[in-house]
Amino acid sequence: TYFRGSRGFQSGTIRGRSITADSFSNVVQPEKLWAYEGGVKSQWLDNRLRINADGFLSEYTDQVVTVTESSAQGFADIQKNAGASEFWGFELEAVALPLRGVEASLNYAYLNTRYLKWMQAKVDPITGNPVFDNGKPAMENVANHRNVPEAPDHTIMAGLTYTAPPTTAGIFSAHVDASWVDSTINNVNRPIVNGVEHAPISTNGNYALFNARLQFVDIPLQKGSLDISAFCHNLANREYRTFGIDIGSQLGFMVSSFADPRTFGLQLTYNFTES
């Protein structure tokens with residue numbers, strides 16, 4: 001069993017890029033963090049079963065966040081401060097040795113992320129003009145309209161490995177694994193079209209992947225040894241987006257990136273030894 005707490009700090013900075021003079025002149029404030037983590041590690045059944053659990057909580061003040069902004073003049077990734085944000089989650093891990101040479105593993109992770117405070121100048125939704133209060137720009141909390149990017153709520157991974165008894169010719173093993181990743185958001189801002197939040201390209205759907213590997217290692221040579229591996233990534237040839245962004249109606253285009261399709265490979269590794 002363990003528990004730890006820590007305090008983090010990242011100094012403020014100025015923006016190296018921006019698309020407006022006002023945005024460029026704003027200073028990025030220092031980021032502060034309180035982080036807490038606790039968990040338990042255990043062994044069961046004569047060390048044939050390992051179960052670990054871990055939980056964490058991260059509380060940010062003025063978290064530094066990269067935001068993509070666009071206008072008729074172009075677009076830029078700039079840094080802004082989220083006044084307050086909170087990340088928490090937990091992870092469960094189980095590894096078992098059910099049979100001789102067989103190892104099975106299962107991992108599950110849950111992640112909850114949200115911005116609690118994100119202040120920005122209020123804008124009239126009809127005219128698009130800034131709103132003033134007693135001669136000063138009115139501010140509003142838009143945290144509910146901001147997303148923590150690339151943060152899946154649920155992630156599951158499972159694996160199975162068989163390792164044959166060692167021989168004078170080398171050691172053979174086979175491994176398969178599967179993973180499932182929840183949907184994610186790519187961008188902090190949610191694009192608005194005709195007053196409605198609309199960002200299909202900014203969302204990556206959930207996906208499952210399957211991988212496999214065969215290898216024969218520690219093949220003795222006159223000087224050193226040789227490892228041979230054959231592998232396949234994305235066995236089901238799943239097509240899924242890894243990133244997408246709508247640059248905005250001002251520039252009129254979108255950008256998407258997709259992961260590699262089914263990929264086969266052969267790997268040779270020569271291990272040198274001293275003469």
# chains A, B, ... in the order shown; residues from 1 in each chain; ligands from 1
>>> residues_around(residues="region 174-185 of chain A", least_positions_apart="5", cutoff="6 Å", atoms="only C-alpha atoms", output="ChimeraX atom specification")
/A:149-152,154-162,202-214
>>> residues_around(residues="Ser173 (chain A)", least_positions_apart="4", cutoff="12 Å", atoms="only C-alpha atoms", output="list of chain:residue names")
A:Gly101, A:Val102, A:Glu103, A:Leu160, A:Thr161, A:Tyr162, A:Thr163, A:Ala164, A:Pro165, A:Pro166, A:Ala212, A:Arg213, A:Leu214, A:Gln215, A:Phe216, A:Val217, A:Asp218, A:Asp227, A:Ile228, A:Ser229, A:Ala230, A:Phe231
>>> select_by_dssp(residues="region 130-173 of chain A", states="strand (DSSP E)", output="list in words")
Phe132, Asp133, Lys136, Pro137, Met139, Glu140, Asn141, His154, Thr155, Ile156, Met157, Ala158, Gly159, Leu160, Thr161, Tyr162, Thr163, Ile171, Phe172 and Ser173 of chain A
>>> closest_residue(among="A:Glu69, A:Glu239, A:Asp77, A:Glu91", to="Gly55 (chain A)", atoms="only C-alpha atoms")
A:Glu91
>>> atom_distance(atom1="CA of Ile14 (chain A)", atom2="CA of Tyr60 (chain A)")
19.6 Å
